[in-house]
Every structure is written in structure tokens, then in C-alpha cells.
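Text of the file protein-v2.cif, holding mmCIF, C-alpha atoms:
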data_query
loop_
_atom_site.label_atom_id
_atom_site.label_comp_id
_atom_site.auth_asym_id
_atom_site.auth_seq_id
_atom_site.Cartn_x
_atom_site.Cartn_y
_atom_site.Cartn_z
CA MET A 234 140.55 96.83 108.31
CA SER A 235 139.64 94.06 105.90
CA ILE A 236 135.98 93.00 105.82
CA LYS A 237 134.85 89.50 104.98
CA ILE A 238 131.42 89.80 103.40
CA ASN A 239 129.26 87.47 101.35
CA GLU A 240 129.35 89.01 97.87
CA PHE A 241 127.57 85.90 96.61
CA LEU A 242 124.27 87.23 97.94
CA THR A 243 123.82 88.91 94.55
CA GLY A 244 123.74 85.48 92.92
CA LEU A 245 121.59 84.03 95.70
CA VAL A 246 118.87 86.60 95.10
CA ARG A 247 118.68 85.58 91.44
CA GLU A 248 118.77 81.90 92.34
CA LYS A 249 116.13 82.04 95.07
CA ARG A 250 113.91 84.77 93.54
CA PRO A 251 112.48 85.75 96.95
CA VAL A 252 108.94 87.09 97.02
CA ILE A 253 108.87 90.56 98.58
CA HIS A 254 105.52 91.81 99.83
CA CYS A 255 105.62 95.59 99.53
CA ILE A 256 103.23 97.97 101.23
CA THR A 257 104.75 101.17 99.97
CA ASN A 258 103.78 104.62 98.75
CA TYR A 259 102.03 105.38 95.47
CA VAL A 260 104.78 107.77 94.37
CA THR A 261 107.39 105.02 93.97
CA ALA A 262 105.54 101.69 93.94
CA GLY A 263 106.43 101.00 90.31
CA ASP A 264 110.08 101.89 90.87
CA VAL A 265 110.27 99.57 93.89
CA ALA A 266 108.68 96.70 91.95
CA ASN A 267 111.05 97.18 89.02
CA ILE A 268 114.18 97.39 91.18
CA ILE A 269 113.24 94.19 93.02
CA LEU A 270 112.81 92.47 89.65
CA ALA A 271 116.12 93.94 88.45
CA CYS A 272 118.08 92.49 91.35
CA GLY A 273 116.40 89.10 91.01
CA GLY A 274 113.48 89.18 93.44
CA SER A 275 109.75 88.91 92.84
CA PRO A 276 107.61 91.83 94.10
CA ILE A 277 103.98 91.70 95.11
CA MET A 278 102.17 94.92 96.02
CA ALA A 279 99.11 94.46 98.23
CA ASP A 280 97.76 96.96 100.75
CA GLN A 281 94.13 95.97 101.32
CA PRO A 282 93.77 95.00 105.00
CA GLU A 283 91.51 92.06 104.14
CA GLU A 284 94.20 90.26 102.12
CA VAL A 285 97.60 91.34 103.47
CA SER A 286 97.96 88.49 105.97
CA GLU A 287 97.46 85.92 103.20
CA ILE A 288 99.88 87.73 100.87
CA THR A 289 102.53 87.99 103.59
CA ALA A 290 102.14 84.26 104.28
CA LEU A 291 103.14 83.61 100.65
CA SER A 292 106.19 85.88 100.85
CA ASP A 293 109.82 85.73 101.99
CA CYS A 294 110.08 89.30 103.29
CA LEU A 295 107.83 92.25 104.11
CA LEU A 296 108.65 95.84 103.15
CA LEU A 297 106.76 98.66 104.90
CA ASN A 298 107.12 102.28 103.71
CA ILE A 299 104.97 105.10 105.15
CA GLY A 300 105.62 107.59 102.34
CA THR A 301 101.92 108.33 101.73
CA PRO A 302 100.23 107.28 105.00
CA LYS A 303 96.51 106.75 105.45
CA GLU A 304 94.43 104.81 107.96
CA SER A 305 93.75 101.81 105.74
CA THR A 306 97.44 101.50 104.91
CA LYS A 307 98.41 101.66 108.57
CA ALA A 308 95.95 98.89 109.39
CA ALA A 309 97.30 96.83 106.50
CA MET A 310 100.90 97.32 107.63
CA ILE A 311 100.13 96.23 111.19
CA LYS A 312 98.26 93.10 110.04
CA ALA A 313 100.98 92.19 107.54
CA GLY A 314 103.73 92.92 110.07
CA GLN A 315 102.17 90.74 112.72
CA GLU A 316 101.82 87.89 110.22
CA ALA A 317 105.48 88.32 109.23
CA ASN A 318 106.46 88.18 112.91
CA ARG A 319 104.46 84.99 113.40
CA ARG A 320 106.31 83.42 110.49
CA ASN A 321 109.74 84.81 111.44
CA LEU A 322 109.99 86.73 108.15
CA PRO A 323 112.24 89.79 107.94
CA VAL A 324 110.45 93.15 108.06
CA ILE A 325 112.05 96.22 106.46
CA PHE A 326 110.68 99.55 107.71
CA ASP A 327 111.13 102.98 106.13
CA PRO A 328 109.73 105.85 108.25
CA VAL A 329 109.56 108.29 105.32
CA GLY A 330 109.22 111.93 106.40
CA ILE A 331 108.68 111.14 110.08
CA GLY A 332 108.51 114.42 111.97
CA ALA A 333 107.01 116.32 109.05
CA SER A 334 103.53 115.87 110.57
CA ARG A 335 102.21 114.49 113.83
CA TYR A 336 100.03 111.98 111.98
CA ARG A 337 103.01 110.59 110.10
CA THR A 338 105.03 110.35 113.30
CA GLU A 339 102.22 108.60 115.18
CA THR A 340 101.79 106.17 112.29
CA ALA A 341 105.45 105.18 112.51
CA LEU A 342 105.32 104.82 116.29
CA SER A 343 102.14 102.73 116.25
CA LEU A 344 103.72 100.38 113.71
CA LEU A 345 106.81 99.90 115.83
CA LYS A 346 104.64 99.26 118.87
CA GLU A 347 102.73 96.46 117.11
CA VAL A 348 105.40 94.99 114.81
CA LYS A 349 108.97 93.86 115.45
CA VAL A 350 111.05 95.15 112.55
CA THR A 351 114.31 93.69 111.28
CA ILE A 352 115.85 96.67 109.49
CA ILE A 353 115.04 100.39 109.70
CA ARG A 354 116.17 102.47 106.71
CA GLY A 355 115.99 106.27 106.62
CA ASN A 356 117.95 109.48 106.27
CA ALA A 357 119.69 111.10 109.22
CA SER A 358 116.82 113.45 110.12
CA GLU A 359 114.24 110.65 110.00
CA LEU A 360 116.29 108.40 112.25
CA ARG A 361 117.09 111.20 114.71
CA VAL A 362 113.38 112.06 115.01
CA LEU A 363 112.49 108.40 115.41
CA LEU A 364 115.06 107.91 118.17
CA LYS A 365 113.85 111.02 120.02
CA GLU A 366 110.21 109.89 119.79
CA LEU A 367 110.99 106.36 120.96
CA THR A 368 113.43 107.08 123.76
CA GLY A 369 113.48 110.82 124.43
CA GLN A 370 117.20 110.82 123.57
CA ASN A 371 118.67 113.54 121.39
CA VAL A 372 121.82 111.97 120.01
CA GLY A 373 123.25 114.21 117.34
CA ASN A 374 124.04 117.77 116.42
CA GLY A 375 121.93 120.34 118.28
CA SER A 376 118.14 120.08 118.41
CA VAL A 377 116.28 117.46 116.42
CA SER A 378 114.82 118.99 113.26
CA PRO A 379 112.32 117.31 110.94
CA ALA A 380 113.45 116.50 107.43
CA ARG A 381 112.96 118.95 104.56
CA GLY A 382 109.92 117.13 103.22
CA VAL A 383 111.42 113.67 102.75
CA ASP A 384 115.04 114.88 102.61
CA ALA A 385 117.41 115.23 105.55
CA SER A 386 117.74 118.71 107.06
CA PHE A 387 120.91 120.58 106.14
CA SER A 388 122.21 120.25 109.71
CA ASP A 389 121.91 116.45 109.49
CA GLU A 390 123.90 115.95 106.30
CA ILE A 391 126.43 113.16 106.83
CA LYS A 392 129.85 114.77 106.58
CA GLU A 393 133.10 114.76 108.51
CA GLU A 394 131.95 117.12 111.26
CA THR A 395 128.61 115.31 111.87
CA LEU A 396 129.73 111.73 111.30
CA GLU A 397 130.51 110.72 114.91
CA ALA A 398 127.22 112.06 116.27
CA LEU A 399 125.20 110.39 113.51
CA LYS A 400 127.01 107.09 114.02
CA ALA A 401 125.93 107.34 117.66
CA THR A 402 122.33 107.95 116.54
CA ALA A 403 122.33 104.87 114.32
CA ARG A 404 123.95 102.73 117.02
CA THR A 405 121.56 103.91 119.76
CA LEU A 406 118.47 103.42 117.59
CA SER A 407 119.59 99.90 116.74
CA THR A 408 120.11 99.09 120.41
CA ALA A 409 116.72 100.59 121.35
CA THR A 410 114.74 98.71 118.69
CA GLY A 411 116.77 95.53 118.17
CA ALA A 412 116.78 96.30 114.44
CA VAL A 413 119.70 96.91 112.11
CA THR A 414 119.69 100.58 111.13
CA VAL A 415 120.66 101.93 107.72
CA MET A 416 121.18 105.71 107.70
CA THR A 417 121.60 106.99 104.15
CA GLY A 418 123.41 110.08 102.95
CA ALA A 419 126.64 111.07 101.20
CA THR A 420 128.17 108.33 103.34
CA ASP A 421 125.81 105.60 104.50
CA ILE A 422 125.96 104.29 108.07
CA VAL A 423 124.87 100.72 108.81
CA SER A 424 124.69 99.71 112.47
CA SER A 425 123.71 96.64 114.47
CA GLY A 426 124.23 98.43 117.77
CA LYS A 427 127.47 96.49 118.14
CA ASP A 428 129.02 97.02 114.69
CA ASN A 429 129.11 100.18 112.58
CA TRP A 430 130.10 100.09 108.91
CA LEU A 431 130.43 103.08 106.63
CA ILE A 432 129.39 102.66 103.01
CA LYS A 433 131.35 105.01 100.75
CA ASN A 434 129.65 104.06 97.48
CA GLY A 435 127.12 106.29 95.76
CA CYS A 436 126.85 109.50 93.74
CA PRO A 437 125.03 112.86 93.97
CA GLN A 438 122.62 111.93 91.16
CA MET A 439 120.92 109.40 93.44
CA SER A 440 119.49 112.24 95.54
CA ARG A 441 118.11 113.97 92.43
CA ILE A 442 115.60 111.30 91.44
CA THR A 443 112.50 110.51 93.41
CA GLY A 444 112.46 107.08 94.99
CA SER A 445 116.14 106.23 95.28
CA GLY A 446 115.68 105.51 99.00
CA CYS A 447 112.53 103.47 98.36
CA MET A 448 114.38 101.48 95.70
CA LEU A 449 117.17 100.83 98.17
CA ASP A 450 114.52 99.43 100.53
CA GLY A 451 113.62 96.92 97.80
CA ILE A 452 117.24 95.88 97.27
CA ILE A 453 117.78 95.49 101.02
CA ALA A 454 114.60 93.39 101.28
CA SER A 455 115.72 91.14 98.42
CA TYR A 456 119.19 90.58 99.86
CA THR A 457 117.87 90.00 103.38
CA ALA A 458 115.27 87.51 102.16
CA SER A 459 117.98 85.47 100.46
CA ILE A 460 120.19 84.69 103.46
CA GLY A 461 118.01 81.85 104.70
CA PRO A 462 115.57 81.23 107.57
CA ARG A 463 116.22 82.53 111.07
CA PRO A 464 119.46 84.36 110.20
CA SER A 465 121.72 85.80 112.88
CA GLN A 466 121.74 89.53 113.58
CA HIS A 467 125.20 89.75 112.06
CA ALA A 468 124.04 88.05 108.85
CA ILE A 469 121.17 90.55 108.60
CA PHE A 470 123.62 93.39 109.26
CA GLN A 471 125.93 92.16 106.48
CA ALA A 472 123.05 91.73 104.03
CA ALA A 473 121.86 95.30 104.70
CA ALA A 474 125.39 96.68 104.31
CA LEU A 475 126.05 94.76 101.11
CA ALA A 476 122.71 95.79 99.58
CA THR A 477 123.43 99.43 100.42
CA ALA A 478 126.91 99.22 98.90
CA ALA A 479 125.55 97.45 95.82
CA ALA A 480 122.96 100.17 95.26
CA GLY A 481 125.62 102.87 95.67
CA LEU A 482 127.97 101.13 93.26
CA CYS A 483 125.19 100.79 90.69
CA GLY A 484 124.55 104.53 91.14
CA GLU A 485 128.19 105.31 90.41
CA ARG A 486 128.14 103.16 87.29
CA ALA A 487 124.80 104.59 86.18
CA ALA A 488 126.16 108.15 86.46
CA LYS A 489 129.07 107.26 84.16
CA ARG A 490 126.74 105.55 81.71
CA ALA A 491 124.34 108.52 81.64
CA GLU A 492 127.21 110.95 81.15
CA LYS A 493 128.23 109.14 77.97
CA ILE A 494 124.78 109.51 76.40
CA PRO A 495 124.84 112.44 77.44
CA GLY A 496 121.73 112.50 79.59
CA GLY A 497 120.15 114.08 82.65
CA THR A 498 118.24 112.71 85.61
CA GLY A 499 115.78 110.76 83.49
CA SER A 500 118.58 108.93 81.75
CA PHE A 501 120.31 108.34 85.08
CA ARG A 502 117.16 106.73 86.50
CA CYS A 503 116.97 104.28 83.58
CA CYS A 504 120.71 103.59 83.76
CA PHE A 505 120.44 102.85 87.47
CA LEU A 506 117.79 100.20 86.83
CA ASP A 507 120.00 98.75 84.08
CA GLU A 508 123.05 98.59 86.34
CA VAL A 509 121.14 96.78 89.09
CA SER A 510 119.88 94.22 86.58
CA LEU A 511 123.37 93.72 85.13
CA LEU A 512 125.30 93.62 88.41
CA GLU A 513 127.69 90.67 88.65
CA GLU A 514 129.43 89.38 91.74
CA SER A 515 132.86 90.17 90.24
CA THR A 516 131.80 93.80 89.67
CA LEU A 517 130.45 94.04 93.20
CA LYS A 518 133.54 92.50 94.76
CA GLY A 519 135.81 94.91 92.89
CA GLY A 520 133.74 98.01 93.49
CA ILE A 521 132.24 98.04 96.99
CA ASN A 522 133.78 100.53 99.40
CA ILE A 523 132.97 99.60 103.01
CA GLU A 524 134.86 100.72 106.10
CA VAL A 525 134.61 99.41 109.65
CA SER A 526 134.02 102.30 112.01
#
Before we go any further, please render this structure as C-alpha cells.
Amino acid sequence: MSIKINEFLTGLVREKRPVIHCITNYVTAGDVANIILACGGSPIMADQPEEVSEITALSDCLLLNIGTPKESTKAAMIKAGQEANRRNLPVIFDPVGIGASRYRTETALSLLKEVKVTIIRGNASELRVLLKELTGQNVGNGSVSPARGVDASFSDEIKEETLEALKATARTLSTATGAVTVMTGATDIVSSGKDNWLIKNGCPQMSRITGSGCMLDGIIASYTASIGPRPSQHAIFQAAALATAAAGLCGERAAKRAEKIPGGTGSFRCCFLDEVSLLEESTLKGGINIEVS
């Protein structure tokens, strides 16, 4: 089925230079800032509770990532999220490693109780745990298992035999929260509850560098912030899908570039940043691989 999608968002990000307020983890904060700059946005990293409301008020989108949770960060995320809600700004939420510890899980749940999020991005295990904690529903393959650290469990890898169940997880979570869900893996699943798209772009090297998911959060935030005020759910859904496809395509191109050097994961990481900064609409239009499902 042919998909009509706004490839021009890539140019809009560079034209509008949206300010993305990021409250993210210390492992990947620099990577997230650089990837937002590479795709045309303007990052600001602020996580002190006393200033986050003011910083959010100056921004076009809020990105929340619980990769290294602590009490002060949780308080900052709630204050920033509530300010974003007051201003109708999109909020991107990444429940990194939810299920790995009770504290991490409770942090994610308390955020969702206090803040209305626009997009939830995580791997299959993270989103299955989140759905089970929110609704008690186990939609998927067997019992819900926490991720391996911050990686999906082996039983939750997105492949032919698990695809239908994981699509149902993404769809159900979207319906339960009102947010667009982005489930990342070998194939990415983007769901609005009503629509499901499969993103077939990407490469194995993306899972071998730390922060590829966090960087995707930054690209999604930049694309979502560029679609204008009070966008429809379908516009948000399309922006999330296009950002995910764009990141995957840049990964594919980065892998080919690194292979020519030849280089390993360090070279791939640099090449990925280069490809995001060099991405043109014509390249995106000719390279994205999205299927309606």
C-alpha cells in the first residue's frame, strides 16, 4: 500500500530550528545534543527542578528519558512535563530499562500519572512491561520479562514469529495512554492505536553503540516539534514514523560509509552523526522503507 508522508519535515526542522528541552541520562546527553543539532534542532539540557519550568516555557518540545533515574530528576521531569502540558507542547517519553528495578518502574509510572505524554519510545520489553504495569494486560509472547539491562529480552526480539503480538502491544499501549508508541527493534513498529506502520530501515550496527535509542528520541522530538502548534494525532504519528525511518536510513548509510574506511563501532558512531547532518529530502524520499500493517 502506498503511503503519503511529509518528507519535507527534514527541511522544516532545519528551517524552524526547534528548541528541544532534554532531561535525559548522563550516559548519552552529549550524543542526544549532537544528534538534535545534526538534524537541525537546538538542544538545551536542564534538569534542576528550580529552573525546568522556565526552560520548558522557552522550548518547542520536551524530551524525558529515565536512563539514570534519581529523585531530583524525577521531580524535574514532572515539573517540566506539567509546564509542557500547560503550553500544549509535545512531550517525548523514553522509559529506559523499565522493569529492571522497582524504583525505575515506579519513576516511569509516576511520570505518566502526572504528565500527559505525546510519544512513548522504547524497545519491545520496555513497552510490554509498561503496558502490564499500567493496565494489567499481558499482550505478547508468554510472560512479561524485563529487558536485559536496557536491551530487549531475547523472547521480545521483533521478528516474524513475534511481530503480530508486538504490534498488538504497541497498539494497546497507544490506546491506553493516548500517546503514539514507537517500538524499536530489527523492525520498528509505530502505532497510534488506530494505525500501525512498520519501519524496515536500520542496520545491526545501531544496536552496538550506546545511545542509538536516545539519539532517536532526539530526532523524533525535532521532527515532532516542527509540524506546528496543536497538531493532529495523525500528524504526530507520521512525524514519529518519518523520524524513525530517517534514523534507520542514516544508520544504513553510516554502516556503508564506515565499511569503506574500514572502521568499527567508533567509526560507525561518527558516520551516523555525519549522515544525519547531511540528510537531504531527496535521499529520504528514495530510501525510506515503511509498510502499512
- [ ] Tell me which protein, DNA and RNA residues are within 8 Å of Leu517 of chain A, counting only C-alpha atoms, leaving out same-chain ones fewer than 3 positions away, and put them as a VMD selection string.
- [x] chain A and resid 240 479 482 512 to 514 520 to 521
Give me the segment 316-415 of chain A side of the contact with segment 278-302 of chain A, cut-off 12 Å, one line per residue showing its nearest atom pair and distance in Å at one decimal, counting all atoms listed in the file, sorted by chain and residue number, as CSV.
residue,atom,partner,partner_atom,distance
A:Glu316,CA,A:Ser286,CA,5.8
A:Ala317,CA,A:Thr289,CA,6.4
A:Asn318,CA,A:Leu295,CA,9.8
A:Arg319,CA,A:Ala290,CA,9.4
A:Arg320,CA,A:Ala290,CA,7.5
A:Asn321,CA,A:Cys294,CA,9.3
A:Leu322,CA,A:Cys294,CA,5.5
A:Pro323,CA,A:Cys294,CA,5.2
A:Val324,CA,A:Leu295,CA,4.8
A:Ile325,CA,A:Leu296,CA,4.8
A:Phe326,CA,A:Leu297,CA,4.9
A:Asp327,CA,A:Asn298,CA,4.7
A:Pro328,CA,A:Ile299,CA,5.7
A:Val329,CA,A:Gly300,CA,5.0
A:Gly330,CA,A:Gly300,CA,6.9
A:Ile331,CA,A:Ile299,CA,8.6
A:Ala333,CA,A:Gly300,CA,11.1
A:Ser334,CA,A:Pro302,CA,10.8
A:Arg335,CA,A:Pro302,CA,11.6
A:Tyr336,CA,A:Pro302,CA,8.4
A:Arg337,CA,A:Pro302,CA,6.7
A:Thr338,CA,A:Ile299,CA,9.7
A:Glu339,CA,A:Pro302,CA,10.5
A:Thr340,CA,A:Pro302,CA,7.5
A:Ala341,CA,A:Ile299,CA,7.4
A:Leu342,CA,A:Ile299,CA,11.1
A:Ser343,CA,A:Ile299,CA,11.7
A:Leu344,CA,A:Leu297,CA,9.5
A:Leu345,CA,A:Leu297,CA,11.0
A:Val348,CA,A:Leu297,CA,10.7
A:Lys349,CA,A:Leu295,CA,11.5
A:Val350,CA,A:Leu297,CA,9.4
A:Thr351,CA,A:Leu295,CA,9.8
A:Ile352,CA,A:Leu296,CA,9.6
A:Ile353,CA,A:Leu297,CA,9.7
A:Arg354,CA,A:Asn298,CA,9.5
A:Gly355,CA,A:Asn298,CA,10.2
A:Glu359,CA,A:Ile299,CA,11.8
A:Gly382,CA,A:Gly300,CA,10.5
A:Val383,CA,A:Gly300,CA,8.4
A:Asp384,CA,A:Gly300,CA,11.9
TODO: Please evaluate the PyMOL selection byres ((chain A and resi 452-468) around 8) against the displayed coordinates and give the resulting residues as a PyMOL selection string.
DONE: chain A and resi 242-243+245-246+249+251+253+268-269+272-274+293-296+321-325+413+425+448-451+469-473+476-477+480
Open item on the list: For this structure, which residues satisfy the selection - the PyMOL selection byres ((chain A and resi 416) around 9) - when it is evaluated on the file as given? I want them as number ranges by chain.
Closed with: A: 353-357, 359-360, 399-400, 403, 414-415, 417-418, 420-424
- [ ] Give me, please, the distance in Å between atom CA of Thr306 of chain A and atom CA of Pro276 of chain A, quoted to one decimal.
- [x]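 These atoms are spaced 17.7 Å apart.
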Task: For atom CA of Lys303 of chain A and atom CA of Ser358 of chain A, the interatomic separation in Å (one decimal) - done: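 Atom CA of Lys303 of chain A sits 21.9 Å away from atom CA of Ser358 of chain A.
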- [ ] Expand the PyMOL selection byres ((chain A and resi 405) around 12) into the individual residues it matches in the shown file, reporting them as a count of residues only.
- [x] 35
TODO: Work out how far atom CA of Asp507 of chain A is from atom CA of Ala478 of chain A, in Å to one decimal.
DONE: 16.4 Å
Task: Spatial neighbours of Leu506 of chain A, 9 Å, only C-alpha atoms, chain gap at least 4 places, as an NGL selection string - done: :A and (264 or 267-268 or 271-272 or 483 or 487 or 501-502 or 510-511)
Open item on the list: So, with only C-alpha atoms as the atoms that count, which of A:Leu270, A:Val252, A:Ala313, A:Ala419 lies closest to Pro437 of chain A?
Closed with: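 Checking each candidate against Pro437 of chain A, we get A:Ala419 as the closest.
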Task: Residue among A:Val509, A:Cys503, A:Val362, A:Ala308 lying closest to Ile442 of chain A, counting all atoms listed in the file - done: A:Cys503
Task: Proximity to Tyr259 of chain A - best of A:Ile432, A:Cys447, A:Ile311, A:Ile391, all atoms listed in the file - done: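 Using all atoms listed in the file, the shortest distance to Tyr259 of chain A belongs to A:Cys447.
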Would you save segment 421-484 of chain A from the block above with C-alpha atoms, as a compact mmCIF listing (two decimals), in the first residue's frame?
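Once everything was written out, this is part-v4.txt:
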# COMPACT_ATOMS: atom_id res chain seq x y z
CA ASP A 421 10.32 -0.77 14.20
CA ILE A 422 6.60 -0.58 14.98
CA VAL A 423 4.88 2.81 15.15
CA SER A 424 1.28 2.85 16.35
CA SER A 425 -1.40 5.44 17.02
CA GLY A 426 -3.83 2.83 18.32
CA LYS A 427 -5.67 3.13 15.02
CA ASP A 428 -2.77 2.90 12.55
CA ASN A 429 0.26 0.62 12.64
CA TRP A 430 3.27 1.22 10.39
CA LEU A 431 6.33 -0.97 10.16
CA ILE A 432 9.68 0.73 9.62
CA LYS A 433 12.08 -1.56 7.77
CA ASN A 434 15.07 0.79 7.77
CA GLY A 435 18.07 0.28 10.03
CA CYS A 436 21.13 -1.92 10.49
CA PRO A 437 22.63 -4.19 13.19
CA GLN A 438 25.40 -1.69 13.99
CA MET A 439 22.84 0.65 15.57
CA SER A 440 22.37 -1.79 18.45
CA ARG A 441 26.14 -1.98 19.04
CA ILE A 442 26.66 1.63 20.08
CA THR A 443 25.37 3.09 23.30
CA GLY A 444 22.70 5.73 22.88
CA SER A 445 21.21 4.91 19.50
CA GLY A 446 17.73 4.80 21.06
CA CYS A 447 18.32 8.02 22.98
CA MET A 448 19.51 9.69 19.77
CA LEU A 449 16.36 8.51 18.03
CA ASP A 450 14.39 10.23 20.82
CA GLY A 451 16.13 13.48 19.85
CA ILE A 452 15.32 13.06 16.16
CA ILE A 453 11.68 12.24 16.95
CA ALA A 454 11.47 15.31 19.21
CA SER A 455 12.92 17.55 16.49
CA TYR A 456 10.55 16.27 13.80
CA THR A 457 7.52 16.44 16.08
CA ALA A 458 8.33 19.99 17.18
CA SER A 459 8.42 21.11 13.54
CA ILE A 460 4.90 20.14 12.48
CA GLY A 461 3.28 23.21 14.00
CA PRO A 462 1.09 24.03 17.02
CA ARG A 463 -1.73 21.74 18.12
CA PRO A 464 -1.07 19.03 15.50
CA SER A 465 -3.50 16.18 14.93
CA GLN A 466 -2.74 12.72 16.30
CA HIS A 467 -2.17 11.50 12.76
CA ALA A 468 0.36 14.27 12.09
CA ILE A 469 2.22 13.30 15.27
CA PHE A 470 2.08 9.65 14.21
CA GLN A 471 3.53 10.49 10.79
CA ALA A 472 6.28 12.65 12.29
CA ALA A 473 7.30 9.83 14.65
CA ALA A 474 7.29 7.29 11.82
CA LEU A 475 9.28 9.51 9.48
CA ALA A 476 11.85 10.34 12.16
CA THR A 477 12.27 6.63 12.93
CA ALA A 478 12.69 5.79 9.25
CA ALA A 479 15.13 8.67 8.78
CA ALA A 480 17.28 7.47 11.67
CA GLY A 481 17.26 3.92 10.29
CA LEU A 482 18.19 5.11 6.81
CA CYS A 483 21.05 7.17 8.21
CA GLY A 484 22.19 4.03 10.06
